[in-house]
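Chemist: Data: my_file22.cif, mmCIF, C-alpha atoms.
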```cif
data_my_file
#
loop_
_atom_site.group_PDB
_atom_site.id
_atom_site.type_symbol
_atom_site.label_atom_id
_atom_site.label_comp_id
_atom_site.auth_asym_id
_atom_site.auth_seq_id
_atom_site.Cartn_x
_atom_site.Cartn_y
_atom_site.Cartn_z
ATOM 1 C CA MET A 12 1.881 11.222 -1.395
ATOM 2 C CA GLY A 13 -0.614 12.953 0.884
ATOM 3 C CA LYS A 14 -1.996 11.828 4.221
ATOM 4 C CA GLN A 15 -5.218 10.610 2.603
ATOM 5 C CA MET A 16 -3.264 8.405 0.193
ATOM 6 C CA THR A 17 -1.186 7.008 3.067
ATOM 7 C CA GLU A 18 -4.339 6.182 5.066
ATOM 8 C CA MET A 19 -5.975 4.473 2.062
ATOM 9 C CA LEU A 20 -2.824 2.505 1.309
ATOM 10 C CA LYS A 21 -2.595 1.087 4.827
ATOM 11 C CA GLY A 22 -5.435 -1.321 4.217
ATOM 12 C CA THR A 23 -4.281 -2.372 0.773
ATOM 13 C CA LEU A 24 -0.535 -2.657 1.280
ATOM 14 C CA GLU A 25 -0.716 -6.264 2.518
ATOM 15 C CA GLY A 26 -2.433 -7.319 -0.701
ATOM 16 C CA ILE A 27 0.022 -5.306 -2.797
ATOM 17 C CA VAL A 28 3.025 -6.952 -1.107
ATOM 18 C CA LEU A 29 1.507 -10.434 -1.457
ATOM 19 C CA ALA A 30 0.902 -9.717 -5.147
ATOM 20 C CA LEU A 31 4.563 -8.729 -5.529
ATOM 21 C CA LEU A 32 5.619 -11.996 -3.868
ATOM 22 C CA THR A 33 3.576 -14.104 -6.299
ATOM 23 C CA GLY A 34 6.046 -16.355 -8.054
ATOM 24 C CA ARG A 35 9.116 -14.567 -6.691
ATOM 25 C CA PRO A 36 10.357 -14.824 -3.111
ATOM 26 C CA ALA A 37 12.083 -11.668 -1.881
ATOM 27 C CA TYR A 38 13.680 -10.182 1.225
ATOM 28 C CA GLY A 39 12.656 -6.937 2.930
ATOM 29 C CA TYR A 40 14.805 -4.433 1.075
ATOM 30 C CA GLU A 41 13.980 -6.092 -2.264
ATOM 31 C CA ILE A 42 10.263 -5.748 -1.493
ATOM 32 C CA THR A 43 10.718 -2.032 -0.739
ATOM 33 C CA THR A 44 12.587 -1.673 -4.055
ATOM 34 C CA LEU A 45 9.825 -3.534 -5.952
ATOM 35 C CA LEU A 46 7.170 -1.274 -4.398
ATOM 36 C CA ARG A 47 9.107 1.821 -5.448
ATOM 37 C CA ALA A 48 9.535 0.436 -8.964
ATOM 38 C CA GLU A 49 5.734 0.033 -9.110
ATOM 39 C CA GLY A 50 5.309 3.726 -8.268
ATOM 40 C CA PHE A 51 4.816 3.505 -4.494
ATOM 41 C CA SER A 52 7.817 5.735 -3.994
ATOM 42 C CA ASP A 53 6.921 7.347 -0.663
ATOM 43 C CA ILE A 54 6.562 4.164 1.356
ATOM 44 C CA ALA A 55 9.061 4.107 4.206
ATOM 45 C CA GLU A 56 11.188 1.013 4.696
ATOM 46 C CA GLY A 57 9.952 0.813 8.304
ATOM 47 C CA THR A 58 6.368 0.540 7.049
ATOM 48 C CA VAL A 59 7.326 -2.398 4.837
ATOM 49 C CA TYR A 60 9.158 -4.196 7.649
ATOM 50 C CA ALA A 61 6.201 -3.757 10.047
ATOM 51 C CA LEU A 62 3.903 -5.155 7.352
ATOM 52 C CA LEU A 63 6.199 -8.161 6.781
ATOM 53 C CA VAL A 64 6.008 -8.954 10.509
ATOM 54 C CA ARG A 65 2.184 -8.813 10.296
ATOM 55 C CA ILE A 66 1.850 -11.081 7.248
ATOM 56 C CA GLU A 67 4.319 -13.536 8.799
ATOM 57 C CA GLN A 68 2.279 -13.591 12.039
ATOM 58 C CA LYS A 69 -0.917 -14.157 10.022
ATOM 59 C CA GLY A 70 0.729 -17.158 8.338
ATOM 60 C CA LEU A 71 0.420 -15.736 4.803
ATOM 61 C CA VAL A 72 4.085 -16.216 3.913
ATOM 62 C CA ASP A 73 6.812 -18.752 4.473
ATOM 63 C CA VAL A 74 10.089 -17.335 5.757
ATOM 64 C CA GLU A 75 13.519 -18.776 5.101
ATOM 65 C CA LYS A 76 16.764 -17.396 6.461
ATOM 66 C CA ARG A 77 19.456 -17.201 3.797
ATOM 67 C CA PRO A 78 23.066 -16.218 4.358
ATOM 68 C CA SER A 79 24.020 -12.724 3.243
ATOM 69 C CA GLU A 80 27.381 -11.633 1.790
ATOM 70 C CA LYS A 81 27.598 -9.027 4.513
ATOM 71 C CA GLY A 82 25.784 -8.850 7.820
ATOM 72 C CA PRO A 83 23.216 -11.202 9.352
ATOM 73 C CA PRO A 84 21.204 -13.756 7.342
ATOM 74 C CA ARG A 85 18.356 -12.338 5.276
ATOM 75 C CA LYS A 86 14.755 -13.346 5.829
ATOM 76 C CA VAL A 87 13.330 -14.336 2.462
ATOM 77 C CA TYR A 88 9.529 -14.212 2.184
ATOM 78 C CA SER A 89 7.511 -16.393 -0.168
ATOM 79 C CA LEU A 90 3.772 -16.667 -0.653
ATOM 80 C CA ASN A 91 2.201 -19.847 0.741
ATOM 81 C CA ALA A 92 -1.223 -21.422 0.117
ATOM 82 C CA GLN A 93 -2.883 -19.351 2.848
ATOM 83 C CA GLY A 94 -1.350 -16.197 1.369
ATOM 84 C CA GLU A 95 -2.600 -17.129 -2.098
ATOM 85 C CA GLN A 96 -6.139 -17.502 -0.717
ATOM 86 C CA TYR A 97 -5.865 -14.156 1.085
ATOM 87 C CA LEU A 98 -4.672 -12.538 -2.150
ATOM 88 C CA GLU A 99 -7.538 -14.056 -4.136
ATOM 89 C CA ASP A 100 -10.024 -12.628 -1.608
ATOM 90 C CA PHE A 101 -8.170 -9.298 -1.694
ATOM 91 C CA TRP A 102 -8.572 -9.029 -5.506
ATOM 92 C CA THR A 103 -12.284 -9.949 -5.267
ATOM 93 C CA THR A 104 -12.836 -7.246 -2.638
ATOM 94 C CA TRP A 105 -10.744 -4.756 -4.608
ATOM 95 C CA SER A 106 -12.793 -5.345 -7.795
ATOM 96 C CA PHE A 107 -16.044 -4.954 -5.878
ATOM 97 C CA LEU A 108 -14.905 -1.674 -4.289
ATOM 98 C CA ALA A 109 -13.479 -0.298 -7.539
ATOM 99 C CA GLU A 110 -16.777 -0.930 -9.357
ATOM 100 C CA ARG A 111 -18.852 0.693 -6.583
ATOM 101 C CA LEU A 112 -16.538 3.714 -6.379
ATOM 102 C CA GLU A 113 -16.602 4.191 -10.140
ATOM 103 C CA GLN A 114 -20.425 4.099 -10.101
ATOM 104 C CA LEU A 115 -20.466 6.705 -7.348
ATOM 105 C CA ARG A 116 -18.055 8.904 -9.256
ATOM 106 C CA GLN A 117 -20.227 8.667 -12.383
ATOM 107 C CA GLY A 118 -23.179 9.781 -10.243
ATOM 108 C CA GLY A 119 -25.158 6.574 -10.665
ATOM 109 C CA ASN A 120 -25.973 3.763 -8.315
#
```
Take the structure in the file and write it out as structure tokens.
Modeler:
Amino acid sequence: MGKQMTEMLKGTLEGIVLALLTGRPAYGYEITTLLRAEGFSDIAEGTVYALLVRIEQKGLVDVEKRPSEKGPPRKVYSLNAQGEQYLEDFWTTWSFLAERLEQLRQGGN
């Protein structure tokens, strides 16, 4: 994944992670694994953890500490009502941008 792709992804990664959390709570490493399974293979684990801190601070997820078989308790993230609203707005914005970009690519306006 090139630098341009990484820059573009920065703004959309929050929405992508919230979409992954829809209907299935997950902990950090699981979220990284889900992203890779969806084809976002070059995303560093550190990037995901920094993003999880941001969406927690914004109040878009609920966090529950669950005991782990080995090591410290895991923080499990689940989408809350505020996160669902953010995600809805994200998809609206994404659709709008995708349509405009496609028109530009086709050479129309």
Chemist: Run the PyMOL selection byres ((chain A and resi 42-59) around 12) on the file and write out the hits as a ChimeraX atom specification.
Modeler: /A:12-14,16-18,20-21,24-33,35-41,60-66,86-89
Chemist: Report as an MDAnalysis selection string the full result of the PyMOL selection byres ((chain A and resi 92) around 10) when it is applied to this structure.
Modeler: chainID A and resid 70:73 90:91 93:98
Chemist: Could you tell me how far atom CA of A:Lys69 sits from atom CA of A:Thr103, in Å to one decimal place?
Modeler: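 Going from atom CA of A:Thr103 over to atom CA of A:Lys69 covers 19.5 Å.
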Chemist: Hey, can I get the axis-aligned box for stretch 45-51 of chain A? All listed atoms, 6 Å padding on each side, centre and edge lengths in Å to one decimal, as JSON.
Modeler:
```
{"center_x": 7.3, "center_y": 0.1, "center_z": -6.8, "size_x": 17.0, "size_y": 19.3, "size_z": 16.7}
```
Chemist: Between atom CA of A:Gln15 and atom CA of A:Gln114, measure the distance and give it in Å to one decimal.
Modeler: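 Atom CA of A:Gln114 lies 20.9 Å from atom CA of A:Gln15.
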Chemist: How many Å lie between atom CA of A:Thr23 and atom CA of A:Glu75, rounded to one decimal?
Modeler: 24.6 Å
Chemist: Got a minute to add N, CA, C and O atoms to stretch 28-52 of chain A and dump it as a compact mmCIF listing (two decimals), in the coordinates of the input?
Modeler:
```
# COMPACT_ATOMS: atom_id res chain seq x y z
N VAL A 28 1.77 -6.22 -1.38
CA VAL A 28 3.02 -6.95 -1.11
C VAL A 28 2.87 -8.43 -1.46
O VAL A 28 3.76 -9.03 -2.08
N LEU A 29 1.73 -9.02 -1.11
CA LEU A 29 1.51 -10.43 -1.46
C LEU A 29 1.49 -10.62 -2.98
O LEU A 29 2.02 -11.61 -3.48
N ALA A 30 0.91 -9.65 -3.68
CA ALA A 30 0.90 -9.72 -5.15
C ALA A 30 2.33 -9.66 -5.70
O ALA A 30 2.66 -10.40 -6.63
N LEU A 31 3.16 -8.82 -5.09
CA LEU A 31 4.56 -8.73 -5.53
C LEU A 31 5.32 -10.03 -5.28
O LEU A 31 6.25 -10.36 -6.01
N LEU A 32 4.93 -10.75 -4.22
CA LEU A 32 5.62 -12.00 -3.87
C LEU A 32 5.14 -13.19 -4.69
O LEU A 32 5.71 -14.27 -4.59
N THR A 33 4.09 -13.01 -5.48
CA THR A 33 3.58 -14.10 -6.30
C THR A 33 4.64 -14.55 -7.29
O THR A 33 5.07 -13.78 -8.14
N GLY A 34 5.07 -15.78 -7.12
CA GLY A 34 6.05 -16.36 -8.05
C GLY A 34 7.47 -15.87 -7.88
O GLY A 34 8.35 -16.28 -8.63
N ARG A 35 7.73 -14.99 -6.90
CA ARG A 35 9.12 -14.57 -6.69
C ARG A 35 9.37 -14.21 -5.23
O ARG A 35 8.99 -13.14 -4.77
N PRO A 36 10.00 -15.12 -4.50
CA PRO A 36 10.36 -14.82 -3.11
C PRO A 36 11.29 -13.61 -3.07
O PRO A 36 12.03 -13.36 -4.03
N ALA A 37 11.24 -12.86 -1.99
CA ALA A 37 12.08 -11.67 -1.88
C ALA A 37 12.34 -11.36 -0.41
O ALA A 37 11.59 -11.78 0.46
N TYR A 38 13.39 -10.62 -0.14
CA TYR A 38 13.68 -10.18 1.23
C TYR A 38 13.23 -8.73 1.37
O TYR A 38 12.87 -8.07 0.38
N GLY A 39 13.23 -8.24 2.61
CA GLY A 39 12.66 -6.94 2.93
C GLY A 39 13.05 -5.79 2.02
O GLY A 39 12.19 -5.10 1.47
N TYR A 40 14.36 -5.58 1.87
CA TYR A 40 14.80 -4.43 1.08
C TYR A 40 14.39 -4.58 -0.39
O TYR A 40 14.00 -3.61 -1.04
N GLU A 41 14.42 -5.82 -0.88
CA GLU A 41 13.98 -6.09 -2.26
C GLU A 41 12.51 -5.72 -2.44
O GLU A 41 12.12 -5.18 -3.46
N ILE A 42 11.69 -6.04 -1.43
CA ILE A 42 10.26 -5.75 -1.49
C ILE A 42 10.04 -4.24 -1.54
O ILE A 42 9.24 -3.74 -2.33
N THR A 43 10.79 -3.50 -0.72
CA THR A 43 10.72 -2.03 -0.74
C THR A 43 11.08 -1.51 -2.13
O THR A 43 10.41 -0.64 -2.68
N THR A 44 12.13 -2.07 -2.72
CA THR A 44 12.59 -1.67 -4.06
C THR A 44 11.52 -1.97 -5.11
O THR A 44 11.25 -1.14 -5.99
N LEU A 45 10.89 -3.15 -5.02
CA LEU A 45 9.82 -3.53 -5.95
C LEU A 45 8.64 -2.57 -5.84
O LEU A 45 8.08 -2.16 -6.85
N LEU A 46 8.27 -2.22 -4.61
CA LEU A 46 7.17 -1.27 -4.40
C LEU A 46 7.48 0.06 -5.06
O LEU A 46 6.64 0.65 -5.73
N ARG A 47 8.71 0.53 -4.86
CA ARG A 47 9.11 1.82 -5.45
C ARG A 47 9.11 1.76 -6.96
O ARG A 47 8.70 2.71 -7.63
N ALA A 48 9.53 0.62 -7.50
CA ALA A 48 9.54 0.44 -8.96
C ALA A 48 8.11 0.45 -9.52
O ALA A 48 7.89 0.85 -10.66
N GLU A 49 7.14 0.04 -8.69
CA GLU A 49 5.73 0.03 -9.11
C GLU A 49 5.07 1.40 -8.90
O GLU A 49 3.88 1.55 -9.12
N GLY A 50 5.84 2.37 -8.42
CA GLY A 50 5.31 3.73 -8.27
C GLY A 50 4.92 4.10 -6.85
O GLY A 50 4.47 5.22 -6.60
N PHE A 51 5.10 3.19 -5.90
CA PHE A 51 4.82 3.50 -4.49
C PHE A 51 6.09 4.06 -3.86
O PHE A 51 6.70 3.45 -2.98
N SER A 52 6.49 5.22 -4.32
CA SER A 52 7.82 5.74 -3.99
C SER A 52 7.95 6.32 -2.60
O SER A 52 9.05 6.44 -2.08
```
